[in-house]
Amino acid sequence: MKIRIRHPQDFFSGLLFIAFGLITIIVAQDYKFGTAVRMGPGYFPMVLGWIMVALGALTSLRSLWLDGPPIPKMALRPILMVTLGVLAFGALIDPLGLVVATLALFVISALGGDEFKIKEILLLFVLLTAVSVGLFVYGLGLTFKVWPL
Amino acid sequence: MMEIFSNLGLGFGVALSPMNVLYCFIGVALGTLIGVLPGIGPIATIAMLLPITFNLPPIAALIMLAGIYYGAQYGGSTSAILVNLPGESSSVVTCLDGYQMARQGRAGPALGIAALGSFFAGTVSTLLIALFAPPLAEIAFKFGPAEYFSLMVLGLVAAVVLAQGSLLKSICMVILGLLWGLVGTDVSSGTQRFTFGYSELSDGIGFVGIAMGLFGFSEIISNLEMGQNREVFTSKVGRLLPSLDDFKASWKPVLRGTGLGSFLGILPGGGALLSSFTSYMVEKKLAKDPSRFGKGAIEGVAGPESANNAGAQTSFIPLLTLGIPSNPVMALMIGAMTIQGIAPGPQVMTERPQLFWGMIASMWVGNLLLVVMNLPMIGLWIKLLTVPYRMLFPSILLFCCIGVYSLSSLPFDVYMTAAFGVIGYIFIKLGCEPAPLILGFILGPVMEENLRRAMLLSRGDPSTFFTRPISLGLLIASAIMLLLMAAPVLRKKRQEAFQE
């Protein structure tokens, strides 16, 4: 009999869970396990890690005979651009301040949408930078670096 | 009985102070503003607005957060009715008949009855909280570590059972959440666990980042790939006040919805979602002509909307009395309370009665503000809905980023939020529900602590969980829930319920 994955969503979820469980078990080996009376820092994670591996394996195995829908298509552009935009914000906020970080976030993440209109984005940038500087920096007194200098 | 009035009196004294009314108002307004944006549910809204409350005094912060929650809930209903895009799962039901009503030019009455029903439900459930919170807190004081552990097991089991999709996968998500919750410094030994050498992780994974990534970013990404073809019914909202016939058709569903919601909200794992689904099914069953449902029946809006508001309110009961969150929103509330230096639990009521009763009274004030404010401001919300998504989503991202960064001033937290956005997106694609994960995440460290203490007290004998009556009862309840869900007949029912 040929083995076929009938429920791809479950099959890969299971693999993901197994991976997380294994990482936990491997890392937790460095922590003191202790005893049931005095549990060390490794006790709870180790137990959970093994349960995780077991249940993950069950999820994957089950997908060999339970039918399920295919994994929906993933669109690469939105996820890439949104993530890059946020990462850029994080990278720029400390060295260059809020204004530049916002600009980077807007331009990069907007490329993830189905329409990109640079004028619109720049307008939005001016408007929202004003709002957020006013609200967060002056209104709420959060200490943000605003400008590069 | 008198005590309730004096307690509520104390609460209203706090809640009605001009500053607190103002904070409540700001909360409700901002909550609605963000909640009305399509695809943004209460969880993402609260996570996004959380940082605004940090610099406030604790009472004001909690009042504002509660306001944000109701505002977000109502905003979600508004976008459900007007654009058929539910912000979160509890407004899915509202889409069914609300959107149809909007298409028939009756968006006004649909929005009106949703607001009025919610207000009624909010009033009743505020009273219920005042009635039931004190005795429950009394019981909670008797809880030892074993009871707390079992209670958390029950809470997690309930979260699993009530999550959509596969039971097994939900259990896995809970455990994954528990594990992620353990990242950081272990309280009893001081060991750094799962930090992989990053000092930024020694306080654990930031709660706001994980919530925003899993519920906010991943939603945005999947909204983007779905493309934009929504139709906003802006021109023909019509008059907001429901007609006499509408009221006649609605008052019973509102009453039933309130009752159902209040009850289901208390259950661990319950809250707004379960309440609105159940109410819709009940109304459909009771209707003389069930075929009208899904085609613009006002009962299908009135019942679930009252129910989800009642459920949203009463789900504060386990949080305020036991310190256990019953759903992800309450988990966020715990996060917010911790940041304010309040340890949620029964001691809040006795040690800080002003805070406790002030918050309860402000729930009612928040509900009132919602009606007073939203009915006239509906035009503004509609305007907001017509803004194209390609302009909305960068703005949402910006507020998320500022929110995360302002918490710690660490770029690391922004990176982590981005990472959780990707993980959340993968979860969506794999059909894994993030709600159980977030509950596990919050409960992880607390559960470990209580397990340790219980085992220490019993000298390592695990039977302590089964010999203490309350603990045993809670575990039996959990076992029954799991068994029932594993039974094929009920599993089918559950699937049908979620499909409807």
# chains A, B, ... in the order shown; residues from 1 in each chain; ligands from 1
>>> interface_residues(of="chain B", to="chain A", cutoff="8 Å", atoms="only C-alpha atoms", output="PyMOL selection string")
chain B and resi 52+55+168-169+172+175-176+179+182+186+188-189+191+193-194+221-222+224-225+227+390-391+394-395+397-398+401+405-406+411-412+414-415+418-419+421-422+429-432+448+452+455-456+458-461
>>> write_last_selection(atoms="C-alpha atoms", output="PDB file, in the first residue's frame")
ATOM      1  CA  ILE B  52      -1.674  54.149  25.641  1.00  0.00           C
ATOM      2  CA  ASN B  55       1.272  55.924  31.950  1.00  0.00           C
ATOM      3  CA  LEU B 168      -5.982  17.412  18.837  1.00  0.00           C
ATOM      4  CA  LYS B 169      -4.413  20.426  17.208  1.00  0.00           C
ATOM      5  CA  CYS B 172      -1.099  20.981  20.840  1.00  0.00           C
ATOM      6  CA  ILE B 175       0.869  23.062  25.136  1.00  0.00           C
ATOM      7  CA  LEU B 176       2.905  25.164  22.753  1.00  0.00           C
ATOM      8  CA  LEU B 179       5.981  26.218  26.644  1.00  0.00           C
ATOM      9  CA  LEU B 182       8.058  29.425  30.239  1.00  0.00           C
ATOM     10  CA  ASP B 186      12.482  30.697  36.193  1.00  0.00           C
ATOM     11  CA  SER B 188      12.086  29.615  41.830  1.00  0.00           C
ATOM     12  CA  SER B 189      15.595  28.773  40.622  1.00  0.00           C
ATOM     13  CA  THR B 191      17.632  29.790  35.740  1.00  0.00           C
ATOM     14  CA  ARG B 193      15.201  29.148  30.279  1.00  0.00           C
ATOM     15  CA  PHE B 194      14.916  29.057  26.486  1.00  0.00           C
ATOM     16  CA  ILE B 221      -1.219  39.631   5.826  1.00  0.00           C
ATOM     17  CA  SER B 222      -4.058  37.283   5.076  1.00  0.00           C
ATOM     18  CA  LEU B 224      -3.917  41.510   1.903  1.00  0.00           C
ATOM     19  CA  GLU B 225      -3.773  38.322  -0.056  1.00  0.00           C
ATOM     20  CA  GLY B 227      -7.742  41.251  -2.136  1.00  0.00           C
ATOM     21  CA  ARG B 390      -4.168  49.839   1.104  1.00  0.00           C
ATOM     22  CA  MET B 391      -4.081  53.018   3.191  1.00  0.00           C
ATOM     23  CA  PRO B 394       0.220  50.618   6.876  1.00  0.00           C
ATOM     24  CA  SER B 395      -1.376  52.862   9.497  1.00  0.00           C
ATOM     25  CA  LEU B 397       1.092  48.437  11.271  1.00  0.00           C
ATOM     26  CA  LEU B 398       2.558  51.735  12.424  1.00  0.00           C
ATOM     27  CA  CYS B 401       5.033  48.986  15.941  1.00  0.00           C
ATOM     28  CA  TYR B 405       8.382  49.628  20.893  1.00  0.00           C
ATOM     29  CA  SER B 406       7.002  52.046  23.462  1.00  0.00           C
ATOM     30  CA  PRO B 411      13.937  47.063  18.767  1.00  0.00           C
ATOM     31  CA  PHE B 412      14.201  43.365  19.636  1.00  0.00           C
ATOM     32  CA  VAL B 414       9.575  44.801  17.248  1.00  0.00           C
ATOM     33  CA  TYR B 415      11.525  42.032  15.489  1.00  0.00           C
ATOM     34  CA  ALA B 418       7.280  40.486  13.106  1.00  0.00           C
ATOM     35  CA  ALA B 419       8.373  36.895  13.689  1.00  0.00           C
ATOM     36  CA  GLY B 421       3.268  37.621  12.554  1.00  0.00           C
ATOM     37  CA  VAL B 422       4.902  35.090  10.235  1.00  0.00           C
ATOM     38  CA  LYS B 429      -2.649  28.310   6.708  1.00  0.00           C
ATOM     39  CA  LEU B 430      -2.299  25.110   8.701  1.00  0.00           C
ATOM     40  CA  GLY B 431      -5.686  25.548  10.354  1.00  0.00           C
ATOM     41  CA  CYS B 432      -4.251  25.979  13.861  1.00  0.00           C
ATOM     42  CA  GLU B 448       4.055  25.495  36.754  1.00  0.00           C
ATOM     43  CA  ARG B 452       5.359  22.837  42.099  1.00  0.00           C
ATOM     44  CA  MET B 455       3.598  18.709  44.824  1.00  0.00           C
ATOM     45  CA  LEU B 456       5.813  20.185  47.497  1.00  0.00           C
ATOM     46  CA  SER B 458       1.894  16.739  49.180  1.00  0.00           C
ATOM     47  CA  ARG B 459       5.514  15.552  49.351  1.00  0.00           C
ATOM     48  CA  GLY B 460       5.518  14.493  45.743  1.00  0.00           C
ATOM     49  CA  ASP B 461       2.282  12.572  45.861  1.00  0.00           C
TER      50      ASP B 461
END
>>> select_by_dssp(residues="segment 20-95 of chain B", states="helix (DSSP H, G or I)", output="PyMOL selection string")
chain B and resi 20-35+42-53+58-83+89-95
>>> atom_distance(atom1="atom CA of Gly300 of chain B", atom2="atom CA of Asn84 of chain B")
14.4 Å
>>> residues_around(residues="Glu138 of chain B", least_positions_apart="4", cutoff="12 Å", atoms="only C-alpha atoms", output="number ranges by chain")
B: 132-134, 142-143, 320-322, 345-350
>>> atom_distance(atom1="atom CA of Asn308 of chain B", atom2="atom CA of Leu260 of chain B")
9.2 Å
>>> atom_distance(atom1="atom CA of Gly444 of chain B", atom2="atom CA of Gly181 of chain B")
4.9 Å
>>> closest_residue(among="B:Ile402, B:Val301, B:Leu255, B:Val371", to="Val137 of chain A", atoms="only C-alpha atoms")
B:Ile402
>>> closest_residue(among="B:Ile26, B:Val404, B:Ala361, B:Leu484", to="Ser125 of chain B", atoms="only C-alpha atoms")
B:Ala361
>>> residues_around(residues="Ala479 of chain B", least_positions_apart="5", cutoff="10 Å", atoms="only C-alpha atoms", output="compact mmCIF listing (two decimals) with C-alpha atoms, in the first residue's frame")
# COMPACT_ATOMS: atom_id res chain seq x y z
CA VAL B 153 -6.54 22.58 33.58
CA LEU B 154 -10.28 23.10 33.32
CA VAL B 157 -9.60 22.17 28.39
CA GLY B 473 -14.46 18.17 40.90
CA LEU B 474 -12.62 20.51 38.53
CA LEU B 484 -17.87 14.51 25.31
CA MET B 485 -15.92 16.21 22.56
>>> decode(residues="segment 170-203 of chain B", atoms="N, CA and C atoms", output="short mmCIF file (atom, residue, chain, number, x, y, z; two decimals), in the first residue's frame")
data_model
loop_
_atom_site.label_atom_id
_atom_site.label_comp_id
_atom_site.auth_asym_id
_atom_site.auth_seq_id
_atom_site.Cartn_x
_atom_site.Cartn_y
_atom_site.Cartn_z
N SER B 170 -5.80 21.73 18.74
CA SER B 170 -5.99 22.75 19.76
C SER B 170 -5.22 22.40 21.02
N ILE B 171 -5.22 21.11 21.38
CA ILE B 171 -4.46 20.70 22.56
C ILE B 171 -2.98 21.01 22.34
N CYS B 172 -2.50 20.68 21.15
CA CYS B 172 -1.10 20.98 20.84
C CYS B 172 -0.82 22.47 20.97
N MET B 173 -1.76 23.29 20.51
CA MET B 173 -1.55 24.74 20.59
C MET B 173 -1.48 25.20 22.03
N VAL B 174 -2.33 24.63 22.89
CA VAL B 174 -2.29 24.99 24.31
C VAL B 174 -0.91 24.67 24.88
N ILE B 175 -0.41 23.47 24.57
CA ILE B 175 0.87 23.06 25.14
C ILE B 175 2.00 23.94 24.60
N LEU B 176 1.91 24.26 23.32
CA LEU B 176 2.91 25.16 22.75
C LEU B 176 2.87 26.51 23.48
N GLY B 177 1.67 26.98 23.77
CA GLY B 177 1.53 28.23 24.51
C GLY B 177 2.15 28.12 25.90
N LEU B 178 1.87 27.01 26.58
CA LEU B 178 2.46 26.81 27.91
C LEU B 178 3.97 26.88 27.82
N LEU B 179 4.52 26.24 26.80
CA LEU B 179 5.98 26.22 26.64
C LEU B 179 6.53 27.61 26.38
N TRP B 180 5.88 28.34 25.49
CA TRP B 180 6.36 29.69 25.20
C TRP B 180 6.27 30.57 26.45
N GLY B 181 5.25 30.28 27.27
CA GLY B 181 5.10 31.05 28.50
C GLY B 181 6.26 30.85 29.45
N LEU B 182 6.96 29.72 29.31
CA LEU B 182 8.06 29.42 30.24
C LEU B 182 9.35 30.14 29.89
N VAL B 183 9.42 30.72 28.69
CA VAL B 183 10.64 31.39 28.29
C VAL B 183 10.96 32.51 29.29
N GLY B 184 12.23 32.64 29.65
CA GLY B 184 12.61 33.69 30.58
C GLY B 184 13.18 33.13 31.87
N THR B 185 13.26 33.98 32.88
CA THR B 185 13.87 33.56 34.13
C THR B 185 12.88 32.73 34.95
N ASP B 186 13.33 31.56 35.37
CA ASP B 186 12.48 30.70 36.19
C ASP B 186 12.39 31.31 37.59
N VAL B 187 11.15 31.50 38.08
CA VAL B 187 11.00 32.24 39.35
C VAL B 187 11.64 31.55 40.53
N SER B 188 11.59 30.21 40.59
CA SER B 188 12.09 29.61 41.83
C SER B 188 13.58 29.29 41.81
N SER B 189 14.17 29.09 40.62
CA SER B 189 15.59 28.77 40.62
C SER B 189 16.45 29.90 40.02
N GLY B 190 15.81 30.82 39.36
CA GLY B 190 16.58 31.90 38.73
C GLY B 190 17.27 31.49 37.44
N THR B 191 17.02 30.25 36.99
CA THR B 191 17.63 29.79 35.74
C THR B 191 17.03 30.52 34.55
N GLN B 192 17.88 30.88 33.59
CA GLN B 192 17.37 31.45 32.34
C GLN B 192 16.95 30.30 31.44
N ARG B 193 15.65 30.26 31.11
CA ARG B 193 15.20 29.15 30.28
C ARG B 193 14.85 29.60 28.87
N PHE B 194 15.28 28.85 27.90
CA PHE B 194 14.92 29.06 26.49
C PHE B 194 15.17 30.48 26.03
N THR B 195 16.20 31.13 26.56
CA THR B 195 16.47 32.49 26.11
C THR B 195 17.46 32.52 24.96
N PHE B 196 18.11 31.39 24.70
CA PHE B 196 19.08 31.27 23.61
C PHE B 196 20.11 32.40 23.65
N GLY B 197 20.45 32.81 24.85
CA GLY B 197 21.48 33.82 24.99
C GLY B 197 21.03 35.25 24.80
N TYR B 198 19.75 35.47 24.49
CA TYR B 198 19.29 36.85 24.32
C TYR B 198 18.86 37.41 25.68
N SER B 199 19.54 38.48 26.10
CA SER B 199 19.17 39.05 27.40
C SER B 199 17.77 39.66 27.34
N GLU B 200 17.33 40.05 26.11
CA GLU B 200 16.00 40.63 25.97
C GLU B 200 14.90 39.64 26.36
N LEU B 201 15.25 38.36 26.35
CA LEU B 201 14.23 37.35 26.64
C LEU B 201 14.19 36.98 28.12
N SER B 202 15.05 37.60 28.94
CA SER B 202 15.10 37.12 30.32
C SER B 202 13.82 37.42 31.09
N ASP B 203 13.05 38.41 30.65
CA ASP B 203 11.75 38.65 31.28
C ASP B 203 10.63 37.88 30.58
#
